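A.B. asks: To be precise about what I am sending: the file is called protein.pdb and holds PDB, C-alpha atoms and all ligand atoms.
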```
ATOM      1  CA  MET A   1      -9.911  16.894   1.126
ATOM      2  CA  ASN A   2      -9.541  13.177   0.594
ATOM      3  CA  ALA A   3      -6.582  12.147  -1.548
ATOM      4  CA  ILE A   4      -8.047   8.680  -2.089
ATOM      5  CA  GLU A   5     -11.637   7.524  -2.107
ATOM      6  CA  ALA A   6     -12.785   3.965  -2.592
ATOM      7  CA  GLN A   7     -16.532   4.075  -3.097
ATOM      8  CA  GLU A   8     -18.324   0.722  -2.979
ATOM      9  CA  LEU A   9     -15.597  -1.006  -5.030
ATOM     10  CA  THR A  10     -16.889  -4.256  -6.480
ATOM     11  CA  ARG A  11     -15.010  -6.655  -8.720
ATOM     12  CA  ASP A  12     -15.623 -10.283  -9.660
ATOM     13  CA  PHE A  13     -13.154 -12.734 -11.164
ATOM     14  CA  GLY A  14     -15.400 -15.502 -12.468
ATOM     15  CA  ALA A  15     -17.208 -16.893  -9.451
ATOM     16  CA  THR A  16     -14.883 -15.117  -7.005
ATOM     17  CA  ARG A  17     -15.988 -11.768  -5.623
ATOM     18  CA  ALA A  18     -12.610 -10.139  -4.937
ATOM     19  CA  LEU A  19     -14.112  -6.781  -3.918
ATOM     20  CA  ASP A  20     -17.559  -6.650  -2.381
ATOM     21  CA  GLY A  21     -18.596  -3.021  -1.931
ATOM     22  CA  LEU A  22     -15.336  -1.888  -0.333
ATOM     23  CA  SER A  23     -15.381   1.754   0.776
ATOM     24  CA  PHE A  24     -12.846   3.911   2.593
ATOM     25  CA  ALA A  25     -11.311   7.353   2.326
ATOM     26  CA  VAL A  26      -7.786   8.599   2.955
ATOM     27  CA  PRO A  27      -7.395  12.280   3.873
ATOM     28  CA  ARG A  28      -4.513  14.077   2.215
ATOM     29  CA  GLY A  29      -1.198  13.721   4.033
ATOM     30  CA  GLN A  30      -2.081  10.557   5.906
ATOM     31  CA  LEU A  31      -0.631   7.067   6.003
ATOM     32  CA  PHE A  32      -3.411   4.522   5.582
ATOM     33  CA  GLY A  33      -3.011   0.794   6.097
ATOM     34  CA  LEU A  34      -5.084  -1.862   4.373
ATOM     35  CA  VAL A  35      -4.721  -4.933   6.566
ATOM     36  CA  GLY A  36      -5.973  -8.350   5.516
ATOM     37  CA  ALA A  37      -5.065 -12.008   5.132
ATOM     38  CA  ASP A  38      -4.107 -13.735   1.875
ATOM     39  CA  GLY A  39      -6.872 -13.345  -0.672
ATOM     40  CA  ALA A  40      -8.686 -10.597   1.268
ATOM     41  CA  GLY A  41      -8.744  -8.328  -1.789
ATOM     42  CA  LYS A  42      -5.871  -5.964  -1.016
ATOM     43  CA  THR A  43      -4.107  -6.234  -4.379
ATOM     44  CA  THR A  44      -7.370  -5.975  -6.272
ATOM     45  CA  ALA A  45      -8.254  -2.811  -4.319
ATOM     46  CA  ILE A  46      -4.848  -1.262  -5.028
ATOM     47  CA  ARG A  47      -5.086  -2.162  -8.724
ATOM     48  CA  ALA A  48      -8.528  -0.578  -8.838
ATOM     49  CA  LEU A  49      -7.218   2.602  -7.182
ATOM     50  CA  ALA A  50      -4.343   2.726  -9.667
ATOM     51  CA  GLY A  51      -6.801   2.384 -12.548
ATOM     52  CA  LEU A  52      -5.209  -0.882 -13.684
ATOM     53  CA  ILE A  53      -8.400  -2.945 -13.610
ATOM     54  CA  ALA A  54     -11.990  -2.176 -14.471
ATOM     55  CA  LEU A  55     -14.620  -2.333 -11.752
ATOM     56  CA  ASP A  56     -17.952  -4.134 -11.867
ATOM     57  CA  GLY A  57     -19.326  -1.516  -9.493
ATOM     58  CA  GLY A  58     -18.312   1.549  -7.517
ATOM     59  CA  ARG A  59     -15.790   4.287  -8.135
ATOM     60  CA  ALA A  60     -12.155   4.915  -7.305
ATOM     61  CA  LEU A  61     -11.038   8.531  -6.905
ATOM     62  CA  VAL A  62      -7.468   9.790  -6.604
ATOM     63  CA  ALA A  63      -6.798  13.474  -5.938
ATOM     64  CA  GLY A  64     -10.493  14.089  -6.564
ATOM     65  CA  ARG A  65     -10.491  12.458 -10.006
ATOM     66  CA  ASP A  66     -12.149   9.239 -11.113
ATOM     67  CA  VAL A  67      -9.285   6.925 -12.057
ATOM     68  CA  ALA A  68     -11.355   5.355 -14.839
ATOM     69  CA  SER A  69     -11.650   8.651 -16.722
ATOM     70  CA  GLY A  70      -8.894  10.839 -15.237
ATOM     71  CA  GLY A  71      -6.261   9.791 -17.791
ATOM     72  CA  SER A  72      -2.737  11.131 -17.543
ATOM     73  CA  LEU A  73      -3.573  13.596 -14.741
ATOM     74  CA  VAL A  74      -4.383  10.676 -12.460
ATOM     75  CA  ARG A  75      -1.344   8.686 -13.588
ATOM     76  CA  GLU A  76       0.962  11.626 -12.879
ATOM     77  CA  SER A  77      -0.410  12.061  -9.376
ATOM     78  CA  LEU A  78       0.136   8.385  -8.541
ATOM     79  CA  GLY A  79       3.132   6.288  -7.574
ATOM     80  CA  LEU A  80       2.677   2.527  -7.415
ATOM     81  CA  VAL A  81       4.837  -0.184  -5.881
ATOM     82  CA  PRO A  82       3.184  -3.467  -6.912
ATOM     83  CA  GLN A  83       3.291  -6.673  -4.863
ATOM     84  CA  GLN A  84       5.071  -8.597  -7.608
ATOM     85  CA  SER A  85       8.324  -7.469  -9.153
ATOM     86  CA  SER A  86       8.060  -4.250 -11.077
ATOM     87  CA  LEU A  87      11.680  -3.817 -12.133
ATOM     88  CA  TYR A  88      13.816  -5.036 -14.996
ATOM     89  CA  PRO A  89      15.951  -7.853 -13.522
ATOM     90  CA  ASP A  90      18.800  -7.473 -16.010
ATOM     91  CA  LEU A  91      19.082  -3.708 -15.617
ATOM     92  CA  SER A  92      21.165  -2.156 -12.857
ATOM     93  CA  VAL A  93      19.781   0.019 -10.070
ATOM     94  CA  ALA A  94      20.762   3.190 -11.954
ATOM     95  CA  GLU A  95      19.407   1.854 -15.267
ATOM     96  CA  ASN A  96      16.055   0.949 -13.694
ATOM     97  CA  LEU A  97      15.783   4.475 -12.300
ATOM     98  CA  ARG A  98      16.632   5.926 -15.729
ATOM     99  CA  PHE A  99      14.031   3.717 -17.381
ATOM    100  CA  PHE A 100      11.265   4.896 -15.027
ATOM    101  CA  ALA A 101      12.360   8.519 -15.415
ATOM    102  CA  ARG A 102      11.931   8.186 -19.203
ATOM    103  CA  LEU A 103       8.524   6.585 -18.692
ATOM    104  CA  PHE A 104       7.460   9.696 -16.783
ATOM    105  CA  CYS A 105       9.229  12.028 -19.230
ATOM    106  CA  LEU A 106      11.284  13.526 -16.404
ATOM    107  CA  PRO A 107      13.637  16.276 -17.605
ATOM    108  CA  LYS A 108      17.343  15.269 -17.335
ATOM    109  CA  GLN A 109      18.232  17.739 -14.583
ATOM    110  CA  ASP A 110      15.202  16.699 -12.504
ATOM    111  CA  PHE A 111      16.177  13.065 -12.952
ATOM    112  CA  ARG A 112      19.748  13.672 -11.802
ATOM    113  CA  GLU A 113      18.676  15.533  -8.664
ATOM    114  CA  ARG A 114      15.815  13.266  -7.819
ATOM    115  CA  SER A 115      17.606   9.957  -8.374
ATOM    116  CA  ALA A 116      20.619  11.145  -6.347
ATOM    117  CA  ARG A 117      18.314  12.040  -3.465
ATOM    118  CA  LEU A 118      16.350   8.790  -3.698
ATOM    119  CA  LEU A 119      19.532   6.682  -3.900
ATOM    120  CA  GLY A 120      20.709   8.533  -0.799
ATOM    121  CA  ILE A 121      17.611   8.089   1.330
ATOM    122  CA  THR A 122      17.178   4.439   0.328
ATOM    123  CA  ARG A 123      20.942   3.898   0.889
ATOM    124  CA  LEU A 124      21.205   2.255  -2.515
ATOM    125  CA  GLU A 125      23.968   4.556  -3.725
ATOM    126  CA  PRO A 126      26.782   2.005  -3.253
ATOM    127  CA  PHE A 127      24.764  -0.496  -5.302
ATOM    128  CA  ALA A 128      23.886   1.765  -8.246
ATOM    129  CA  GLY A 129      25.719  -0.546 -10.656
ATOM    130  CA  ARG A 130      24.266  -3.800  -9.307
ATOM    131  CA  ARG A 131      21.673  -5.659 -11.355
ATOM    132  CA  ALA A 132      18.167  -5.663  -9.878
ATOM    133  CA  ASP A 133      18.124  -9.466  -9.771
ATOM    134  CA  ALA A 134      21.251  -9.449  -7.612
ATOM    135  CA  LEU A 135      19.721  -7.221  -4.923
ATOM    136  CA  SER A 136      18.463  -8.559  -1.601
ATOM    137  CA  GLY A 137      14.678  -8.607  -1.074
ATOM    138  CA  GLY A 138      14.772  -5.456   1.046
ATOM    139  CA  MET A 139      17.027  -3.563  -1.382
ATOM    140  CA  TYR A 140      14.769  -4.587  -4.263
ATOM    141  CA  LYS A 141      11.714  -3.175  -2.483
ATOM    142  CA  LYS A 142      13.562   0.058  -1.813
ATOM    143  CA  LEU A 143      14.532   0.346  -5.488
ATOM    144  CA  ALA A 144      10.901  -0.245  -6.515
ATOM    145  CA  LEU A 145       9.947   2.509  -4.065
ATOM    146  CA  ALA A 146      12.590   4.872  -5.468
ATOM    147  CA  CYS A 147      11.358   4.222  -9.034
ATOM    148  CA  ALA A 148       7.758   4.944  -7.974
ATOM    149  CA  LEU A 149       8.792   8.238  -6.353
ATOM    150  CA  LEU A 150      10.859   9.690  -9.194
ATOM    151  CA  HIS A 151       8.021  11.817 -10.548
ATOM    152  CA  ARG A 152       7.052  13.156  -7.082
ATOM    153  CA  PRO A 153       3.584  11.661  -6.899
ATOM    154  CA  GLU A 154       1.019  13.175  -4.521
ATOM    155  CA  VAL A 155      -0.300   9.721  -3.713
ATOM    156  CA  LEU A 156       1.780   6.588  -3.185
ATOM    157  CA  LEU A 157       0.229   3.108  -3.307
ATOM    158  CA  LEU A 158       2.318   0.227  -1.962
ATOM    159  CA  ASP A 159       1.210  -3.389  -2.082
ATOM    160  CA  GLU A 160       2.781  -5.394   0.765
ATOM    161  CA  PRO A 161       6.042  -3.408   0.771
ATOM    162  CA  THR A 162       7.305  -5.016   3.992
ATOM    163  CA  VAL A 163       6.802  -8.667   3.042
ATOM    164  CA  GLY A 164      10.105 -10.503   2.570
ATOM    165  CA  VAL A 165      12.027  -7.615   4.098
ATOM    166  CA  ASP A 166      14.300  -8.114   7.127
ATOM    167  CA  PRO A 167      13.370  -6.305  10.364
ATOM    168  CA  VAL A 168      16.044  -3.627   9.970
ATOM    169  CA  SER A 169      15.065  -2.750   6.385
ATOM    170  CA  ARG A 170      11.431  -2.931   7.448
ATOM    171  CA  ARG A 171      12.026  -0.298  10.112
ATOM    172  CA  GLU A 172      13.909   1.848   7.581
ATOM    173  CA  LEU A 173      11.077   1.531   5.097
ATOM    174  CA  TRP A 174       8.522   2.668   7.665
ATOM    175  CA  ALA A 175      10.754   5.585   8.657
ATOM    176  CA  LEU A 176      10.999   6.577   4.987
ATOM    177  CA  LEU A 177       7.238   6.418   4.514
ATOM    178  CA  HIS A 178       6.708   8.605   7.578
ATOM    179  CA  GLU A 179       9.215  11.079   6.157
ATOM    180  CA  PHE A 180       7.296  11.270   2.852
ATOM    181  CA  VAL A 181       4.019  11.735   4.700
ATOM    182  CA  ALA A 182       5.564  14.517   6.803
ATOM    183  CA  GLU A 183       6.434  16.220   3.501
ATOM    184  CA  GLY A 184       2.764  16.099   2.460
ATOM    185  CA  MET A 185       2.455  12.859   0.502
ATOM    186  CA  THR A 186      -0.517  10.562   0.997
ATOM    187  CA  VAL A 187       0.435   6.901   1.396
ATOM    188  CA  LEU A 188      -1.759   3.833   1.189
ATOM    189  CA  LEU A 189      -0.144   0.480   1.818
ATOM    190  CA  SER A 190      -1.363  -3.056   2.222
ATOM    191  CA  THR A 191       0.027  -5.519   4.697
ATOM    192  CA  PRO A 192      -0.806  -8.984   5.986
ATOM    193  CA  TYR A 193       0.967  -8.110   9.274
ATOM    194  CA  MET A 194      -1.582  -7.032  11.843
ATOM    195  CA  ASP A 195       1.033  -5.500  14.128
ATOM    196  CA  GLU A 196       1.854  -2.913  11.447
ATOM    197  CA  ALA A 197      -1.529  -1.269  12.055
ATOM    198  CA  GLU A 198      -0.124   0.881  14.834
ATOM    199  CA  ARG A 199       2.286   2.563  12.408
ATOM    200  CA  CYS A 200      -0.578   4.007  10.337
ATOM    201  CA  HIS A 201      -2.754   7.080  10.917
ATOM    202  CA  ARG A 202      -5.778   5.008   9.973
ATOM    203  CA  VAL A 203      -6.252   1.325   9.255
ATOM    204  CA  ALA A 204      -8.872  -0.759   7.529
ATOM    205  CA  LEU A 205      -9.318  -4.475   8.088
ATOM    206  CA  VAL A 206     -10.399  -6.161   4.848
ATOM    207  CA  HIS A 207     -11.912  -9.643   4.608
ATOM    208  CA  GLU A 208     -13.435 -11.260   1.528
ATOM    209  CA  GLY A 209     -13.439  -7.924  -0.276
ATOM    210  CA  ARG A 210     -15.364  -6.183   2.504
ATOM    211  CA  LEU A 211     -14.410  -3.684   5.168
ATOM    212  CA  LEU A 212     -14.689  -5.183   8.645
ATOM    213  CA  LEU A 213     -13.192  -2.381  10.684
ATOM    214  CA  GLU A 214     -11.798   1.075   9.993
ATOM    215  CA  GLY A 215     -10.417   3.870  12.127
ATOM    216  CA  GLU A 216      -7.505   5.287  14.063
ATOM    217  CA  PRO A 217      -5.410   2.482  15.526
ATOM    218  CA  GLY A 218      -5.422   3.869  19.081
ATOM    219  CA  ALA A 219      -9.189   4.433  19.101
ATOM    220  CA  LEU A 220      -9.862   0.969  17.638
ATOM    221  CA  LEU A 221      -7.757  -0.636  20.332
ATOM    222  CA  ASP A 222      -9.391   1.423  23.140
ATOM    223  CA  ASP A 223     -12.875   0.474  21.934
ATOM    224  CA  PHE A 224     -11.852  -3.159  21.764
ATOM    225  CA  ALA A 225     -10.303  -3.073  25.261
ATOM    226  CA  ARG A 226     -13.660  -1.866  26.649
ATOM    227  CA  SER A 227     -15.759  -4.407  24.726
ATOM    228  CA  PRO A 228     -16.903  -7.795  26.081
ATOM    229  CA  ALA A 229     -15.125  -9.496  23.143
ATOM    230  CA  CYS A 230     -11.789  -8.542  24.739
ATOM    231  CA  ARG A 231     -10.566 -10.949  27.370
ATOM    232  CA  GLN A 232      -7.088  -9.474  27.868
ATOM    233  CA  THR A 233      -5.824  -6.583  29.924
ATOM    234  CA  ALA A 234      -3.503  -5.381  27.138
ATOM    235  CA  PRO A 235      -5.061  -6.302  23.788
ATOM    236  CA  SER A 236      -2.997  -6.167  20.606
ATOM    237  CA  PHE A 237      -4.039  -5.495  17.027
ATOM    238  CA  GLU A 238      -3.615  -9.176  16.356
ATOM    239  CA  THR A 239      -6.188 -10.148  19.005
ATOM    240  CA  LEU A 240      -8.499  -7.323  17.906
ATOM    241  CA  PHE A 241      -8.364  -8.237  14.222
ATOM    242  CA  LEU A 242      -8.590 -11.973  14.824
ATOM    243  CA  ALA A 243     -11.609 -11.445  17.086
ATOM    244  CA  ARG A 244     -13.273  -9.355  14.349
ATOM    245  CA  LEU A 245     -12.494 -11.982  11.688
ATOM    246  CA  GLU A 246     -13.942 -14.746  13.885
ATOM    247  CA  GLN A 247     -17.049 -12.629  14.432
ATOM    248  CA  ALA A 248     -17.411 -12.169  10.656
ATOM    249  CA  ASP A 249     -17.153 -15.931  10.143
ATOM    250  CA  ARG A 250     -19.790 -16.566  12.841
ATOM    251  CA  GLU A 251     -22.097 -13.973  11.261
ATOM    252  CA  ARG A 252     -21.694 -15.604   7.882
ATOM    253  CA  GLU A 253     -22.398 -19.087   9.263
ATOM    254  CA  ARG A 254     -25.568 -17.788  10.904
ATOM    255  CA  GLY A 255     -26.535 -16.048   7.664
ATOM    256  CA  ASP A 256     -25.923 -19.166   5.576
ATOM    257  CA  ALA A 257     -27.822 -21.437   7.993
TER     258      ALA A 257
HETATM  259  N1  LIG B   1      -6.841 -12.063 -12.058
HETATM  260  C1  LIG B   1      -7.521 -12.844 -11.237
HETATM  261  N2  LIG B   1      -8.188 -13.921 -11.690
HETATM  262  C2  LIG B   1      -8.913 -14.711 -10.858
HETATM  263  N3  LIG B   1      -9.026 -14.497  -9.524
HETATM  264  C3  LIG B   1      -8.383 -13.454  -9.012
HETATM  265  C4  LIG B   1      -7.591 -12.564  -9.828
HETATM  266  N4  LIG B   1      -7.076 -11.610  -9.032
HETATM  267  C5  LIG B   1      -7.508 -11.886  -7.783
HETATM  268  N5  LIG B   1      -8.293 -12.972  -7.769
HETATM  269  C6  LIG B   1      -8.953 -13.543  -6.573
HETATM  270  O1  LIG B   1      -9.565 -12.496  -5.867
HETATM  271  C7  LIG B   1      -9.375 -12.657  -4.460
HETATM  272  C8  LIG B   1      -8.635 -11.465  -3.909
HETATM  273  O2  LIG B   1      -7.293 -11.499  -4.404
HETATM  274  P1  LIG B   1      -6.206 -10.381  -4.062
HETATM  275  O3  LIG B   1      -5.006 -10.715  -4.869
HETATM  276  O4  LIG B   1      -6.806  -9.044  -4.233
HETATM  277  O5  LIG B   1      -5.940 -10.658  -2.502
HETATM  278  P2  LIG B   1      -4.800 -10.089  -1.576
HETATM  279  O6  LIG B   1      -5.470  -9.565  -0.349
HETATM  280  O7  LIG B   1      -3.935  -9.188  -2.317
HETATM  281  O8  LIG B   1      -3.981 -11.421  -1.161
HETATM  282  P3  LIG B   1      -2.399 -11.623  -0.892
HETATM  283  O9  LIG B   1      -2.148 -11.134   0.515
HETATM  284  O10 LIG B   1      -2.232 -13.102  -0.985
HETATM  285  O11 LIG B   1      -1.641 -10.869  -1.918
HETATM  286  C9  LIG B   1      -8.654 -13.983  -4.284
HETATM  287  O12 LIG B   1      -9.605 -14.986  -4.049
HETATM  288  C10 LIG B   1      -7.959 -14.176  -5.620
HETATM  289  O13 LIG B   1      -7.757 -15.544  -5.891
HETATM  290 MG    MG B   2      -1.972  -9.184  -2.771
END
```
Before anything else, please render the file you have as structure tokens.
Ligand SMILES: Nc1ncnc2c1ncn2[C@@H]1O[C@H](COP(=O)(O)OP(=O)(O)OP(=O)(O)O)[C@@H](O)[C@H]1O
Ligand SMILES: [Mg+2]
C.D. replies:
Amino acid sequence: MNAIEAQELTRDFGATRALDGLSFAVPRGQLFGLVGADGAGKTTAIRALAGLIALDGGRALVAGRDVASGGSLVRESLGLVPQQSSLYPDLSVAENLRFFARLFCLPKQDFRERSARLLGITRLEPFAGRRADALSGGMYKKLALACALLHRPEVLLLDEPTVGVDPVSRRELWALLHEFVAEGMTVLLSTPYMDEAERCHRVALVHEGRLLLEGEPGALLDDFARSPACRQTAPSFETLFLARLEQADRERERGDA
């Protein structure tokens, strides 16, 4: 069963079409990467999947339920780490966790156990008393992740979690995500870094609100290596994705002409 389904998502902001019939599916227990440049539509897609914005067309399903009508059942099954800050800057690490636990009506005992475990795995325990606005970028992202995981969501959505994070914390974050997935969680994340594609079970390349490419990273790279568009012996995701983006631009120019 698919944990997430984006079906022909379409959304306009004035004259800008942020999502243009974007479709993809994430099977349960997989780590799915939405790769795309600035303005590709990643945040809009994640907001649509979280039920935070209305769509002009299409449907977003999480755990088999339409997010537009699923109400609290959908909200409970979802964890969201937004691109922009989601925490209270003047509250400490522990206070932010407590705030989110109250938001999800977590029983006290559950909160104690869960926050202790999350502080441990994110290695934020020594900083429990530090204000959120005094954390480093990487620590802040890990706290946002911990807050999103308090209620044990089935599906975790993360918008550019590795941007502004140093390479060591970035590796830790990926290791954490793989741990959650191994425990059965479904994770969808967005990233502007093309080289992060290889860390996902499946990736989708998004451009101007449309899907340009989707599949298993290894298979995508093998297909590309065999295609005439590839002029290297050892192609990377960067060359693959850039070649596909250039092709899309050429197609559009021909279409507009
Ligand atoms: N609330 C809004 N009002 C007007 N335009 C918007 C709004 N939200 C998004 N857009 C536009 O929709 C397009 C897609 O934006 P979106 O934020 O989804 O891209 P993104 O892939 O997340 O980019 P980034 O990597 O920079 O975060 C952009 O052209 C953006 O300017
Ligand atoms: Mg964004």
A.B. asks: Quick one: apply the PyMOL selection byres (((chain A and resi 115) around 12) and not hetatm) to the file and drop the selected residues here as a ChimeraX atom specification.
C.D. replies: /A:93-101,106-114,116-125,128,143,145-152
A.B. asks: Could those selected residues go to a file with C-alpha atoms, as an mmCIF file, keeping the file's coordinate frame?
C.D. replies:
```
data_model
loop_
_atom_site.group_PDB
_atom_site.id
_atom_site.type_symbol
_atom_site.label_atom_id
_atom_site.label_comp_id
_atom_site.auth_asym_id
_atom_site.auth_seq_id
_atom_site.Cartn_x
_atom_site.Cartn_y
_atom_site.Cartn_z
ATOM 1 C CA VAL A 93 19.781 0.019 -10.070
ATOM 2 C CA ALA A 94 20.762 3.190 -11.954
ATOM 3 C CA GLU A 95 19.407 1.854 -15.267
ATOM 4 C CA ASN A 96 16.055 0.949 -13.694
ATOM 5 C CA LEU A 97 15.783 4.475 -12.300
ATOM 6 C CA ARG A 98 16.632 5.926 -15.729
ATOM 7 C CA PHE A 99 14.031 3.717 -17.381
ATOM 8 C CA PHE A 100 11.265 4.896 -15.027
ATOM 9 C CA ALA A 101 12.360 8.519 -15.415
ATOM 10 C CA LEU A 106 11.284 13.526 -16.404
ATOM 11 C CA PRO A 107 13.637 16.276 -17.605
ATOM 12 C CA LYS A 108 17.343 15.269 -17.335
ATOM 13 C CA GLN A 109 18.232 17.739 -14.583
ATOM 14 C CA ASP A 110 15.202 16.699 -12.504
ATOM 15 C CA PHE A 111 16.177 13.065 -12.952
ATOM 16 C CA ARG A 112 19.748 13.672 -11.802
ATOM 17 C CA GLU A 113 18.676 15.533 -8.664
ATOM 18 C CA ARG A 114 15.815 13.266 -7.819
ATOM 19 C CA ALA A 116 20.619 11.145 -6.347
ATOM 20 C CA ARG A 117 18.314 12.040 -3.465
ATOM 21 C CA LEU A 118 16.350 8.790 -3.698
ATOM 22 C CA LEU A 119 19.532 6.682 -3.900
ATOM 23 C CA GLY A 120 20.709 8.533 -0.799
ATOM 24 C CA ILE A 121 17.611 8.089 1.330
ATOM 25 C CA THR A 122 17.178 4.439 0.328
ATOM 26 C CA ARG A 123 20.942 3.898 0.889
ATOM 27 C CA LEU A 124 21.205 2.255 -2.515
ATOM 28 C CA GLU A 125 23.968 4.556 -3.725
ATOM 29 C CA ALA A 128 23.886 1.765 -8.246
ATOM 30 C CA LEU A 143 14.532 0.346 -5.488
ATOM 31 C CA LEU A 145 9.947 2.509 -4.065
ATOM 32 C CA ALA A 146 12.590 4.872 -5.468
ATOM 33 C CA CYS A 147 11.358 4.222 -9.034
ATOM 34 C CA ALA A 148 7.758 4.944 -7.974
ATOM 35 C CA LEU A 149 8.792 8.238 -6.353
ATOM 36 C CA LEU A 150 10.859 9.690 -9.194
ATOM 37 C CA HIS A 151 8.021 11.817 -10.548
ATOM 38 C CA ARG A 152 7.052 13.156 -7.082
#
```
A.B. asks: Hey, which residues sit close to ligand MG 2 (chain B)? Say within 9 Å, counting only C-alpha atoms and all ligand atoms, and write them as an mmCIF file with C-alpha atoms, in the coordinates of the input.
C.D. replies:
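Written out: result_0.cif:
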```
data_model
loop_
_atom_site.group_PDB
_atom_site.id
_atom_site.type_symbol
_atom_site.label_atom_id
_atom_site.label_comp_id
_atom_site.auth_asym_id
_atom_site.auth_seq_id
_atom_site.Cartn_x
_atom_site.Cartn_y
_atom_site.Cartn_z
ATOM 1 C CA ALA A 37 -5.065 -12.008 5.132
ATOM 2 C CA ASP A 38 -4.107 -13.735 1.875
ATOM 3 C CA GLY A 39 -6.872 -13.345 -0.672
ATOM 4 C CA ALA A 40 -8.686 -10.597 1.268
ATOM 5 C CA GLY A 41 -8.744 -8.328 -1.789
ATOM 6 C CA LYS A 42 -5.871 -5.964 -1.016
ATOM 7 C CA THR A 43 -4.107 -6.234 -4.379
ATOM 8 C CA THR A 44 -7.370 -5.975 -6.272
ATOM 9 C CA ILE A 46 -4.848 -1.262 -5.028
ATOM 10 C CA PRO A 82 3.184 -3.467 -6.912
ATOM 11 C CA GLN A 83 3.291 -6.673 -4.863
ATOM 12 C CA GLN A 84 5.071 -8.597 -7.608
ATOM 13 C CA ASP A 159 1.210 -3.389 -2.082
ATOM 14 C CA GLU A 160 2.781 -5.394 0.765
ATOM 15 C CA SER A 190 -1.363 -3.056 2.222
ATOM 16 C CA THR A 191 0.027 -5.519 4.697
ATOM 17 C CA PRO A 192 -0.806 -8.984 5.986
#
```
A.B. asks: Just need the box for ligand LIG 1 (chain B), edges along x, y and z, holding every atom the file lists for it with 5 Å tacked onto each side, so centre and edge lengths in Å to one decimal, as JSON.
C.D. replies:
```
{"center_x": -5.6, "center_y": -12.3, "center_z": -5.8, "size_x": 18.0, "size_y": 16.5, "size_z": 22.6}
```
A.B. asks: Can you tell me, as an NGL selection string, what residues are no more than 12 Å from A:Gly218 when counting all atoms listed in the file, ignoring any on the same chain fewer than 5 positions away?
C.D. replies: :A and (197-203 or 223-225 or 235-237 or 240)
A.B. asks: Using all atoms listed in the file, can you tell me which of A:Ser77, A:Thr233, A:Gln30, A:Ser69 comes closest to A:Met1?
C.D. replies: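 Between A:Ser77, A:Thr233, A:Gln30, A:Ser69, the residue approaching A:Met1 most closely is A:Gln30.
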A.B. asks: Please write the residues picked by the PyMOL selection byres (((chain A and resi 241) around 12) and not hetatm) on this file as a PyMOL selection string.
C.D. replies: chain A and resi 35-37+192-197+203-207+211-214+217+220-221+224+229-230+235-240+242-248
A.B. asks: Could you please determine the separation between atom CA of A:Leu78 and atom CA of A:Val165 in Å, to one decimal place?
C.D. replies: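 A separation of 23.6 Å between them.
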A.B. asks: Generate the coordinates of N, CA, C and O atoms for stretch 50-59 of chain A; report them as a PDB file, keeping the file's coordinate frame.
C.D. replies:
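Result file is rebuild.pdb:
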```pdb
ATOM      1  N   ALA A  50      -5.345   2.277  -8.697  1.00  0.00           N
ATOM      2  CA  ALA A  50      -4.343   2.726  -9.667  1.00  0.00           C
ATOM      3  C   ALA A  50      -4.918   2.766 -11.090  1.00  0.00           C
ATOM      4  O   ALA A  50      -4.213   3.128 -12.028  1.00  0.00           O
ATOM      5  N   GLY A  51      -6.166   2.368 -11.222  1.00  0.00           N
ATOM      6  CA  GLY A  51      -6.801   2.384 -12.548  1.00  0.00           C
ATOM      7  C   GLY A  51      -6.317   1.270 -13.453  1.00  0.00           C
ATOM      8  O   GLY A  51      -6.429   1.356 -14.679  1.00  0.00           O
ATOM      9  N   LEU A  52      -5.764   0.204 -12.863  1.00  0.00           N
ATOM     10  CA  LEU A  52      -5.209  -0.882 -13.684  1.00  0.00           C
ATOM     11  C   LEU A  52      -6.246  -1.946 -14.030  1.00  0.00           C
ATOM     12  O   LEU A  52      -6.016  -2.746 -14.934  1.00  0.00           O
ATOM     13  N   ILE A  53      -7.336  -1.992 -13.267  1.00  0.00           N
ATOM     14  CA  ILE A  53      -8.400  -2.945 -13.610  1.00  0.00           C
ATOM     15  C   ILE A  53      -9.743  -2.214 -13.630  1.00  0.00           C
ATOM     16  O   ILE A  53      -9.917  -1.205 -12.946  1.00  0.00           O
ATOM     17  N   ALA A  54     -10.643  -2.758 -14.412  1.00  0.00           N
ATOM     18  CA  ALA A  54     -11.990  -2.176 -14.471  1.00  0.00           C
ATOM     19  C   ALA A  54     -12.792  -2.711 -13.284  1.00  0.00           C
ATOM     20  O   ALA A  54     -12.513  -3.795 -12.771  1.00  0.00           O
ATOM     21  N   LEU A  55     -13.765  -1.923 -12.871  1.00  0.00           N
ATOM     22  CA  LEU A  55     -14.620  -2.333 -11.752  1.00  0.00           C
ATOM     23  C   LEU A  55     -15.963  -2.816 -12.274  1.00  0.00           C
ATOM     24  O   LEU A  55     -16.433  -2.354 -13.320  1.00  0.00           O
ATOM     25  N   ASP A  56     -16.575  -3.744 -11.541  1.00  0.00           N
ATOM     26  CA  ASP A  56     -17.952  -4.134 -11.867  1.00  0.00           C
ATOM     27  C   ASP A  56     -18.941  -3.195 -11.195  1.00  0.00           C
ATOM     28  O   ASP A  56     -20.102  -3.122 -11.581  1.00  0.00           O
ATOM     29  N   GLY A  57     -18.467  -2.492 -10.167  1.00  0.00           N
ATOM     30  CA  GLY A  57     -19.326  -1.516  -9.493  1.00  0.00           C
ATOM     31  C   GLY A  57     -18.480  -0.592  -8.651  1.00  0.00           C
ATOM     32  O   GLY A  57     -17.361  -0.919  -8.276  1.00  0.00           O
ATOM     33  N   GLY A  58     -19.010   0.586  -8.371  1.00  0.00           N
ATOM     34  CA  GLY A  58     -18.312   1.549  -7.517  1.00  0.00           C
ATOM     35  C   GLY A  58     -17.371   2.448  -8.295  1.00  0.00           C
ATOM     36  O   GLY A  58     -17.270   2.360  -9.526  1.00  0.00           O
ATOM     37  N   ARG A  59     -16.695   3.303  -7.532  1.00  0.00           N
ATOM     38  CA  ARG A  59     -15.790   4.287  -8.135  1.00  0.00           C
ATOM     39  C   ARG A  59     -14.533   4.428  -7.311  1.00  0.00           C
ATOM     40  O   ARG A  59     -14.588   4.365  -6.085  1.00  0.00           O
TER      41      ARG A  59
END
```
